[in-house]
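J.: Sharing protein21.pdb here; it has PDB, C-alpha atoms, pLDDT in the B column.
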ATOM      1  CA  MET A1161     -35.333 -29.624 189.046  1.00 86.00           C
ATOM      2  CA  LYS A1162     -37.914 -28.702 191.649  1.00 84.00           C
ATOM      3  CA  ASN A1163     -41.447 -27.343 191.035  1.00 83.00           C
ATOM      4  CA  VAL A1164     -41.502 -28.428 187.400  1.00 86.00           C
ATOM      5  CA  SER A1165     -44.492 -27.685 185.183  1.00 91.00           C
ATOM      6  CA  LEU A1166     -45.004 -29.294 181.783  1.00 95.00           C
ATOM      7  CA  PRO A1167     -47.404 -28.685 178.902  1.00 97.00           C
ATOM      8  CA  THR A1168     -50.611 -30.624 179.574  1.00 95.00           C
ATOM      9  CA  SER A1169     -52.614 -29.950 176.398  1.00 94.00           C
ATOM     10  CA  PHE A1170     -51.829 -31.407 172.979  1.00 95.00           C
ATOM     11  CA  THR A1171     -53.907 -31.675 169.824  1.00 93.00           C
ATOM     12  CA  LEU A1172     -53.943 -35.368 168.893  1.00 93.00           C
ATOM     13  CA  LYS A1173     -55.724 -37.012 165.972  1.00 91.00           C
ATOM     14  CA  ASP A1174     -58.322 -39.661 166.807  1.00 94.00           C
ATOM     15  CA  GLY A1175     -56.672 -42.989 167.517  1.00 93.00           C
ATOM     16  CA  THR A1176     -53.340 -41.497 168.599  1.00 94.00           C
ATOM     17  CA  TYR A1177     -51.825 -41.287 172.060  1.00 96.00           C
ATOM     18  CA  LEU A1178     -49.326 -39.030 173.763  1.00 96.00           C
ATOM     19  CA  GLY A1179     -45.867 -40.551 174.080  1.00 96.00           C
ATOM     20  CA  VAL A1180     -43.199 -38.995 176.303  1.00 97.00           C
ATOM     21  CA  ALA A1181     -39.429 -39.334 176.417  1.00 96.00           C
ATOM     22  CA  ILE A1182     -37.248 -37.497 178.938  1.00 96.00           C
ATOM     23  CA  SER A1183     -33.989 -36.765 177.134  1.00 93.00           C
ATOM     24  CA  SER A1184     -32.271 -34.962 180.019  1.00 95.00           C
ATOM     25  CA  ASN A1185     -33.107 -34.366 183.668  1.00 95.00           C
ATOM     26  CA  THR A1186     -30.783 -32.645 186.150  1.00 95.00           C
ATOM     27  CA  SER A1187     -31.226 -30.243 189.045  1.00 94.00           C
ATOM     28  CA  ASP A1188     -30.722 -27.221 186.773  1.00 94.00           C
ATOM     29  CA  ALA A1189     -32.119 -28.334 183.388  1.00 95.00           C
ATOM     30  CA  PHE A1190     -34.414 -30.826 181.707  1.00 96.00           C
ATOM     31  CA  LYS A1191     -35.774 -31.624 178.265  1.00 97.00           C
ATOM     32  CA  VAL A1192     -38.897 -33.644 177.512  1.00 97.00           C
ATOM     33  CA  ASN A1193     -39.966 -34.746 174.027  1.00 97.00           C
ATOM     34  CA  PHE A1194     -43.613 -35.435 173.198  1.00 97.00           C
ATOM     35  CA  TYR A1195     -44.812 -37.753 170.416  1.00 96.00           C
ATOM     36  CA  ALA A1196     -48.011 -38.897 168.698  1.00 95.00           C
ATOM     37  CA  THR A1197     -48.068 -42.691 169.078  1.00 95.00           C
ATOM     38  CA  THR A1198     -50.433 -45.314 167.677  1.00 93.00           C
ATOM     39  CA  GLN A1199     -50.745 -47.093 171.036  1.00 94.00           C
ATOM     40  CA  SER A1200     -50.429 -46.268 174.699  1.00 94.00           C
ATOM     41  CA  ILE A1201     -46.801 -46.758 175.778  1.00 95.00           C
ATOM     42  CA  GLY A1202     -44.695 -45.974 178.835  1.00 95.00           C
ATOM     43  CA  ILE A1203     -42.402 -43.003 179.355  1.00 95.00           C
ATOM     44  CA  ASN A1204     -39.034 -43.423 177.580  1.00 95.00           C
ATOM     45  CA  ASP A1205     -40.333 -46.409 175.607  1.00 95.00           C
ATOM     46  CA  ASP A1206     -37.676 -47.861 173.281  1.00 93.00           C
ATOM     47  CA  SER A1207     -39.818 -46.971 170.239  1.00 92.00           C
ATOM     48  CA  LEU A1208     -39.345 -43.269 171.117  1.00 94.00           C
ATOM     49  CA  THR A1209     -35.710 -43.253 172.156  1.00 86.00           C
ATOM     50  CA  ALA A1210     -34.224 -45.491 169.439  1.00 86.00           C
ATOM     51  CA  SER A1211     -31.966 -43.611 167.006  1.00 84.00           C
ATOM     52  CA  ASP A1212     -34.027 -44.894 164.063  1.00 86.00           C
ATOM     53  CA  SER A1213     -37.401 -44.040 165.645  1.00 86.00           C
ATOM     54  CA  LYS A1214     -40.129 -43.208 163.112  1.00 88.00           C
ATOM     55  CA  VAL A1215     -42.643 -41.971 165.705  1.00 90.00           C
ATOM     56  CA  PRO A1216     -43.779 -38.433 164.772  1.00 88.00           C
ATOM     57  CA  ALA A1217     -42.608 -35.755 167.194  1.00 92.00           C
ATOM     58  CA  LEU A1218     -45.236 -33.352 168.577  1.00 96.00           C
ATOM     59  CA  ALA A1219     -43.020 -30.994 170.541  1.00 98.00           C
ATOM     60  CA  SER A1220     -40.017 -30.610 172.794  1.00 98.00           C
ATOM     61  CA  TYR A1221     -40.076 -28.692 176.057  1.00 98.00           C
ATOM     62  CA  GLU A1222     -36.891 -27.599 177.749  1.00 97.00           C
ATOM     63  CA  VAL A1223     -36.202 -25.619 180.912  1.00 96.00           C
ATOM     64  CA  LYS A1224     -32.706 -24.553 181.855  1.00 95.00           C
ATOM     65  CA  THR A1225     -31.179 -22.360 184.502  1.00 93.00           C
ATOM     66  CA  ASP A1226     -29.797 -19.095 183.132  1.00 88.00           C
ATOM     67  CA  LYS A1227     -26.234 -18.817 184.349  1.00 83.00           C
ATOM     68  CA  GLY A1228     -25.802 -15.229 183.182  1.00 79.00           C
ATOM     69  CA  GLY A1229     -25.276 -16.078 179.529  1.00 77.00           C
ATOM     70  CA  ASN A1230     -26.159 -13.943 176.524  1.00 78.00           C
ATOM     71  CA  LEU A1231     -29.866 -14.409 175.801  1.00 84.00           C
ATOM     72  CA  SER A1232     -30.075 -11.960 172.860  1.00 84.00           C
ATOM     73  CA  ASP A1233     -30.588 -14.855 170.400  1.00 84.00           C
ATOM     74  CA  THR A1234     -33.427 -16.261 172.500  1.00 89.00           C
ATOM     75  CA  PHE A1235     -34.978 -12.856 173.226  1.00 91.00           C
ATOM     76  CA  PRO A1236     -34.046 -10.409 170.439  1.00 90.00           C
ATOM     77  CA  GLU A1237     -34.556  -6.715 171.158  1.00 87.00           C
ATOM     78  CA  THR A1238     -37.570  -5.314 169.316  1.00 87.00           C
ATOM     79  CA  ASN A1239     -38.691  -1.702 169.343  1.00 86.00           C
ATOM     80  CA  LEU A1240     -42.298  -1.253 168.268  1.00 91.00           C
ATOM     81  CA  SER A1241     -42.925   2.140 169.868  1.00 88.00           C
ATOM     82  CA  ASN A1242     -43.001   4.166 166.624  1.00 90.00           C
ATOM     83  CA  ILE A1243     -44.185   1.991 163.738  1.00 93.00           C
ATOM     84  CA  PRO A1244     -44.104   3.888 160.396  1.00 93.00           C
ATOM     85  CA  LYS A1245     -47.599   4.190 158.882  1.00 94.00           C
ATOM     86  CA  ASP A1246     -46.668   2.212 155.753  1.00 95.00           C
ATOM     87  CA  MET A1247     -45.469  -0.703 157.931  1.00 95.00           C
ATOM     88  CA  ALA A1248     -48.338  -0.717 160.462  1.00 97.00           C
ATOM     89  CA  VAL A1249     -50.708  -3.714 160.431  1.00 97.00           C
ATOM     90  CA  ASP A1250     -53.944  -3.700 162.446  1.00 97.00           C
ATOM     91  CA  LEU A1251     -54.230  -7.099 164.139  1.00 98.00           C
ATOM     92  CA  GLY A1252     -57.447  -6.362 166.012  1.00 96.00           C
ATOM     93  CA  HIS A1253     -58.121  -5.829 169.729  1.00 96.00           C
ATOM     94  CA  GLY A1254     -56.084  -2.606 169.653  1.00 95.00           C
ATOM     95  CA  ILE A1255     -52.882  -4.443 168.732  1.00 96.00           C
ATOM     96  CA  GLN A1256     -50.705  -3.055 165.976  1.00 96.00           C
ATOM     97  CA  GLY A1257     -47.985  -5.052 164.277  1.00 97.00           C
ATOM     98  CA  MET A1258     -45.077  -4.013 162.101  1.00 97.00           C
ATOM     99  CA  GLY A1259     -44.723  -5.675 158.703  1.00 97.00           C
ATOM    100  CA  GLU A1260     -41.418  -5.532 156.886  1.00 95.00           C
ATOM    101  CA  GLY A1261     -39.561  -7.316 154.126  1.00 92.00           C
ATOM    102  CA  ALA A1262     -35.842  -7.955 153.788  1.00 87.00           C
ATOM    103  CA  ALA A1263     -33.623 -10.285 151.737  1.00 87.00           C
ATOM    104  CA  GLY A1264     -36.509 -12.306 150.308  1.00 94.00           C
ATOM    105  CA  SER A1265     -38.289 -12.694 153.643  1.00 96.00           C
ATOM    106  CA  GLN A1266     -41.433 -11.176 155.134  1.00 96.00           C
ATOM    107  CA  TYR A1267     -41.628 -10.372 158.850  1.00 96.00           C
ATOM    108  CA  LEU A1268     -44.607  -9.402 160.975  1.00 98.00           C
ATOM    109  CA  THR A1269     -43.844  -8.477 164.589  1.00 98.00           C
ATOM    110  CA  TRP A1270     -46.108  -7.379 167.431  1.00 98.00           C
ATOM    111  CA  LYS A1271     -46.176  -7.200 171.218  1.00 96.00           C
ATOM    112  CA  GLU A1272     -48.693  -8.467 173.767  1.00 95.00           C
ATOM    113  CA  GLY A1273     -47.721  -7.565 177.331  1.00 92.00           C
ATOM    114  CA  ARG A1274     -44.184  -8.819 177.933  1.00 93.00           C
ATOM    115  CA  TRP A1275     -44.377 -11.073 174.886  1.00 96.00           C
ATOM    116  CA  THR A1276     -42.947 -10.271 171.449  1.00 97.00           C
ATOM    117  CA  LEU A1277     -44.396 -12.348 168.608  1.00 98.00           C
ATOM    118  CA  GLN A1278     -42.979 -12.656 165.110  1.00 98.00           C
ATOM    119  CA  ILE A1279     -43.988 -14.489 161.935  1.00 98.00           C
ATOM    120  CA  ARG A1280     -41.333 -15.048 159.267  1.00 97.00           C
ATOM    121  CA  SER A1281     -41.992 -16.380 155.798  1.00 97.00           C
ATOM    122  CA  VAL A1282     -40.401 -16.399 152.347  1.00 97.00           C
ATOM    123  CA  SER A1283     -41.615 -13.446 150.258  1.00 95.00           C
ATOM    124  CA  GLU A1284     -42.268 -15.460 147.098  1.00 95.00           C
ATOM    125  CA  ASP A1285     -44.630 -17.796 148.989  1.00 96.00           C
ATOM    126  CA  LYS A1286     -46.976 -14.826 149.579  1.00 94.00           C
ATOM    127  CA  MET A1287     -48.051 -16.188 152.977  1.00 95.00           C
ATOM    128  CA  ASN A1288     -50.896 -14.326 154.675  1.00 96.00           C
ATOM    129  CA  ASN A1289     -48.855 -13.331 157.725  1.00 97.00           C
ATOM    130  CA  PRO A1290     -51.466 -10.761 158.879  1.00 97.00           C
ATOM    131  CA  GLY A1291     -54.218 -13.401 158.671  1.00 98.00           C
ATOM    132  CA  ILE A1292     -52.158 -15.860 160.733  1.00 98.00           C
ATOM    133  CA  ALA A1293     -51.279 -13.119 163.251  1.00 98.00           C
ATOM    134  CA  LYS A1294     -54.939 -12.077 163.621  1.00 98.00           C
ATOM    135  CA  LYS A1295     -55.900 -15.679 164.497  1.00 98.00           C
ATOM    136  CA  MET A1296     -53.119 -15.780 167.102  1.00 98.00           C
ATOM    137  CA  VAL A1297     -54.206 -12.429 168.580  1.00 98.00           C
ATOM    138  CA  GLU A1298     -57.831 -13.620 168.688  1.00 98.00           C
ATOM    139  CA  TYR A1299     -56.813 -16.855 170.439  1.00 98.00           C
ATOM    140  CA  LEU A1300     -54.763 -14.957 173.030  1.00 97.00           C
ATOM    141  CA  GLU A1301     -57.760 -12.764 173.876  1.00 97.00           C
ATOM    142  CA  SER A1302     -59.309 -15.774 175.645  1.00 96.00           C
ATOM    143  CA  HIS A1303     -56.203 -17.851 176.530  1.00 96.00           C
ATOM    144  CA  THR A1304     -53.375 -16.725 178.804  1.00 95.00           C
ATOM    145  CA  LEU A1305     -49.722 -17.490 178.144  1.00 96.00           C
ATOM    146  CA  PRO A1306     -47.376 -17.973 181.108  1.00 94.00           C
ATOM    147  CA  VAL A1307     -46.320 -14.572 182.471  1.00 91.00           C
ATOM    148  CA  PRO A1308     -42.587 -14.099 181.901  1.00 92.00           C
ATOM    149  CA  LYS A1309     -40.602 -12.339 184.604  1.00 87.00           C
ATOM    150  CA  ASP A1310     -38.746 -10.378 181.958  1.00 84.00           C
ATOM    151  CA  LYS A1311     -39.385 -11.421 178.390  1.00 91.00           C
ATOM    152  CA  GLY A1312     -41.263 -13.857 176.237  1.00 96.00           C
ATOM    153  CA  TYR A1313     -40.691 -14.458 172.534  1.00 97.00           C
ATOM    154  CA  ILE A1314     -42.715 -16.448 170.010  1.00 98.00           C
ATOM    155  CA  LEU A1315     -41.198 -17.125 166.592  1.00 98.00           C
ATOM    156  CA  VAL A1316     -43.354 -18.693 163.865  1.00 98.00           C
ATOM    157  CA  GLU A1317     -41.196 -19.652 160.871  1.00 98.00           C
ATOM    158  CA  TYR A1318     -42.547 -20.867 157.533  1.00 98.00           C
ATOM    159  CA  PRO A1319     -39.740 -22.384 155.437  1.00 96.00           C
ATOM    160  CA  SER A1320     -39.712 -22.062 151.644  1.00 95.00           C
ATOM    161  CA  GLY A1321     -42.937 -23.432 150.145  1.00 95.00           C
ATOM    162  CA  GLY A1322     -45.027 -22.460 153.178  1.00 92.00           C
ATOM    163  CA  LYS A1323     -46.341 -26.017 153.623  1.00 95.00           C
ATOM    164  CA  SER A1324     -44.714 -26.564 157.019  1.00 96.00           C
ATOM    165  CA  VAL A1325     -44.067 -24.417 160.076  1.00 98.00           C
ATOM    166  CA  HIS A1326     -41.703 -24.359 163.036  1.00 98.00           C
ATOM    167  CA  VAL A1327     -42.782 -22.564 166.222  1.00 98.00           C
ATOM    168  CA  THR A1328     -40.440 -21.671 169.072  1.00 98.00           C
ATOM    169  CA  ILE A1329     -41.971 -20.238 172.260  1.00 98.00           C
ATOM    170  CA  SER A1330     -39.471 -18.997 174.859  1.00 97.00           C
ATOM    171  CA  TRP A1331     -39.959 -17.211 178.156  1.00 96.00           C
ATOM    172  CA  GLN A1332     -37.945 -16.245 181.189  1.00 93.00           C
ATOM    173  CA  ASP A1333     -39.277 -16.972 184.683  1.00 88.00           C
ATOM    174  CA  ARG A1334     -36.915 -15.896 187.457  1.00 83.00           C
ATOM    175  CA  ASN A1335     -33.584 -17.493 186.509  1.00 87.00           C
ATOM    176  CA  LEU A1336     -35.193 -20.179 184.351  1.00 92.00           C
ATOM    177  CA  VAL A1337     -35.511 -20.083 180.572  1.00 94.00           C
ATOM    178  CA  HIS A1338     -38.408 -22.151 179.177  1.00 96.00           C
ATOM    179  CA  GLN A1339     -38.507 -23.161 175.519  1.00 97.00           C
ATOM    180  CA  LEU A1340     -41.173 -25.085 173.628  1.00 98.00           C
ATOM    181  CA  GLN A1341     -40.528 -26.103 170.020  1.00 98.00           C
ATOM    182  CA  THR A1342     -43.004 -27.715 167.667  1.00 98.00           C
ATOM    183  CA  ASP A1343     -43.866 -28.169 163.998  1.00 97.00           C
ATOM    184  CA  GLN A1344     -47.590 -28.014 164.805  1.00 96.00           C
ATOM    185  CA  VAL A1345     -49.679 -25.072 163.585  1.00 96.00           C
ATOM    186  CA  PRO A1346     -49.338 -21.829 165.602  1.00 98.00           C
ATOM    187  CA  LEU A1347     -52.664 -22.145 167.451  1.00 97.00           C
ATOM    188  CA  ASP A1348     -51.791 -25.688 168.605  1.00 97.00           C
ATOM    189  CA  ALA A1349     -48.346 -24.433 169.667  1.00 98.00           C
ATOM    190  CA  LEU A1350     -49.953 -21.602 171.654  1.00 98.00           C
ATOM    191  CA  GLY A1351     -52.292 -24.147 173.287  1.00 97.00           C
ATOM    192  CA  MET A1352     -49.303 -26.179 174.481  1.00 97.00           C
ATOM    193  CA  ALA A1353     -47.648 -23.077 175.983  1.00 97.00           C
ATOM    194  CA  VAL A1354     -50.897 -21.894 177.582  1.00 97.00           C
ATOM    195  CA  SER A1355     -51.208 -25.289 179.293  1.00 97.00           C
ATOM    196  CA  VAL A1356     -47.902 -24.816 181.189  1.00 95.00           C
ATOM    197  CA  LYS A1357     -48.954 -23.584 184.627  1.00 80.00           C
ATOM    198  CA  SER A1358     -46.286 -22.355 186.996  1.00 61.00           C
TER     199      SER A1358
END
Please, can you express the file's structure as structure tokens?
T.:
Amino acid sequence: MKNVSLPTSFTLKDGTYLGVAISSNTSDAFKVNFYATTQSIGINDDSLTASDSKVPALASYEVKTDKGGNLSDTFPETNLSNIPKDMAVDLGHGIQGMGEGAAGSQYLTWKEGRWTLQIRSVSEDKMNNPGIAKKMVEYLESHTLPVPKDKGYILVEYPSGGKSVHVTISWQDRNLVHQLQTDQVPLDALGMAVSVKS
């Protein structure tokens, strides 16, 4: 694929290095996996690509050409034009989110430009979704995400227990769909996406 940009910023603990494995690379799609390694190693090192690899994954970054498929799963439709008062959440900087609960889950959704952002958590975990969202909004006041041609979608999912998180950041640029996935905290995930310069 021509004119490729990759994330260039990762939060690494002291004494760790960035490891990289390219899992696919064609003219219309690629996927790169990033790892936290204990020593400096080459791209596609056997320690990263072995099926029994124990090296902790930092993120995966994939770009594929949209061939006219259905992207409603990647970019769900969200209407936030008339948020009911009892569901409105002030996230600061003039941004209002919509909080809702359904089937044992809590959702908080808001828009920033062409981006839709959503936090999902399990109701019984009583996660502070507004607090997490406010930190994300604050971060994005001084850091710029890639500008999607059409849509961008950020999903922050906290599985049951709330001790871990999975972040998926997707955006459409011309006929390309970019997707970054990570189990790092939302602000680190945003930092990775911000570092992708087209």
J.: For Gly1321 (chain A), please output as a compact mmCIF listing (two decimals) with C-alpha atoms, in the coordinates of the input all residues within 10 Å (counting only C-alpha atoms; exclusion window: fewer than 3 positions along the same chain).
T.:
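As a result, around_4.txt now contains:
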# COMPACT_ATOMS: atom_id res chain seq x y z
CA SER A 1281 -41.99 -16.38 155.80
CA VAL A 1282 -40.40 -16.40 152.35
CA GLU A 1284 -42.27 -15.46 147.10
CA ASP A 1285 -44.63 -17.80 148.99
CA LYS A 1286 -46.98 -14.83 149.58
CA MET A 1287 -48.05 -16.19 152.98
CA TYR A 1318 -42.55 -20.87 157.53
CA SER A 1324 -44.71 -26.56 157.02
J.: Rounded to one decimal in Å, what is the spacing between CA of Gln1339 (chain A) and CA of Ser1220 (chain A)?
T.: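 Going from CA of Gln1339 (chain A) over to CA of Ser1220 (chain A), I get 8.1 Å.
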J.: The PyMOL selection byres ((chain A and resi 1310) around 7) on the file shown: which residues, as a VMD selection string?
T.: chain A and resid 1274 1308 to 1309 1311 1332
J.: Could you state the separation of CA of Gly1229 (chain A) and CA of Met1161 (chain A) in Å, given to one decimal place?
T.: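 Distance reported for this atom pair: 19.4 Å.
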J.: Of the residues A:Phe1235, A:Val1345, A:Asp1250, A:Leu1178, which is the one nearest to Ala1217 (chain A), using all atoms listed in the file?
T.: A:Leu1178
J.: Identify, on the basis of all atoms listed in the file, every residue whose closest approach to region 1253-1258 of chain A does not exceed 10 Å; exclude the query and any residue fewer than 4 positions from it along the same chain; express the result as a PyMOL selection string.
T.: chain A and resi 1239-1240+1242-1249+1267-1272+1277-1278+1290+1293-1294+1297-1298+1301
J.: Translate the PyMOL selection byres ((chain A and resi 1198) around 7) into a concrete residue list for this structure, as a list in words.
T.: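 In the shown coordinates, the PyMOL selection byres ((chain A and resi 1198) around 7) covers Gly1175, Thr1176, Tyr1177, Ala1196, Thr1197 and Gln1199 of chain A.
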J.: Hey, what comes out of the PyMOL selection byres ((chain A and resi 1333) around 10) on this file? Could you write it as an mmCIF file with C-alpha atoms, keeping the file's coordinate frame?
T.:
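Output below, filename result_28.cif:
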data_model
loop_
_atom_site.group_PDB
_atom_site.id
_atom_site.type_symbol
_atom_site.label_atom_id
_atom_site.label_comp_id
_atom_site.auth_asym_id
_atom_site.auth_seq_id
_atom_site.Cartn_x
_atom_site.Cartn_y
_atom_site.Cartn_z
ATOM 1 C CA VAL A 1223 -36.202 -25.619 180.912
ATOM 2 C CA THR A 1225 -31.179 -22.360 184.502
ATOM 3 C CA ASP A 1226 -29.797 -19.095 183.132
ATOM 4 C CA PRO A 1306 -47.376 -17.973 181.108
ATOM 5 C CA VAL A 1307 -46.320 -14.572 182.471
ATOM 6 C CA PRO A 1308 -42.587 -14.099 181.901
ATOM 7 C CA LYS A 1309 -40.602 -12.339 184.604
ATOM 8 C CA ASP A 1310 -38.746 -10.378 181.958
ATOM 9 C CA LYS A 1311 -39.385 -11.421 178.390
ATOM 10 C CA GLY A 1312 -41.263 -13.857 176.237
ATOM 11 C CA TRP A 1331 -39.959 -17.211 178.156
ATOM 12 C CA GLN A 1332 -37.945 -16.245 181.189
ATOM 13 C CA ARG A 1334 -36.915 -15.896 187.457
ATOM 14 C CA ASN A 1335 -33.584 -17.493 186.509
ATOM 15 C CA LEU A 1336 -35.193 -20.179 184.351
ATOM 16 C CA VAL A 1337 -35.511 -20.083 180.572
ATOM 17 C CA HIS A 1338 -38.408 -22.151 179.177
ATOM 18 C CA SER A 1358 -46.286 -22.355 186.996
#
J.: Provide the CA of Glu1237 (chain A) to CA of Met1352 (chain A) distance in Å, to one decimal place.
T.: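 We find that CA of Glu1237 (chain A) and CA of Met1352 (chain A) lie 24.6 Å from each other.
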J.: Between A:Leu1218, A:Ala1353, A:Leu1315, A:Val1180, which is the closest to Asp1206 (chain A) once you count all atoms listed in the file?
T.: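 Going through A:Leu1218, A:Ala1353, A:Leu1315, A:Val1180 one by one, the smallest distance to Asp1206 (chain A) is for A:Val1180.
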J.: Of the residues A:Ile1314, A:Ala1349, A:Arg1280, A:Trp1275, which is the one nearest to Ala1262 (chain A), using only C-alpha atoms?
T.: A:Arg1280
J.: Choose the residue, out of A:Ser1207, A:Val1164, A:Phe1170, A:Ser1320, that has the smallest atom-to-atom separation from Gln1344 (chain A); count all atoms listed in the file.
T.: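 Ranking A:Ser1207, A:Val1164, A:Phe1170, A:Ser1320 by distance to Gln1344 (chain A), first place goes to A:Phe1170.
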J.: Excluding Ser1302 (chain A) and residues on its chain fewer than 5 positions from it, collect all residues at most 12 Å away from it, counting all atoms listed in the file, and give them as a ChimeraX atom specification.
T.: /A:1253,1295-1297,1350-1351,1354
J.: For Ile1201 (chain A), which of A:Pro1216, A:Gly1179, A:Ala1189, A:Gly1291 is the closest residue, counting only C-alpha atoms?
T.: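 Closest residue, counting only C-alpha atoms: A:Gly1179.
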J.: Could you give me the centre and size, in Å to one decimal, of an axis-aligned box around all listed atoms of region 1234-1248 of chain A with 4 Å added on every side, as JSON?
T.:
{"center_x": -40.9, "center_y": -6.0, "center_z": 164.5, "size_x": 22.9, "size_y": 28.5, "size_z": 25.5}
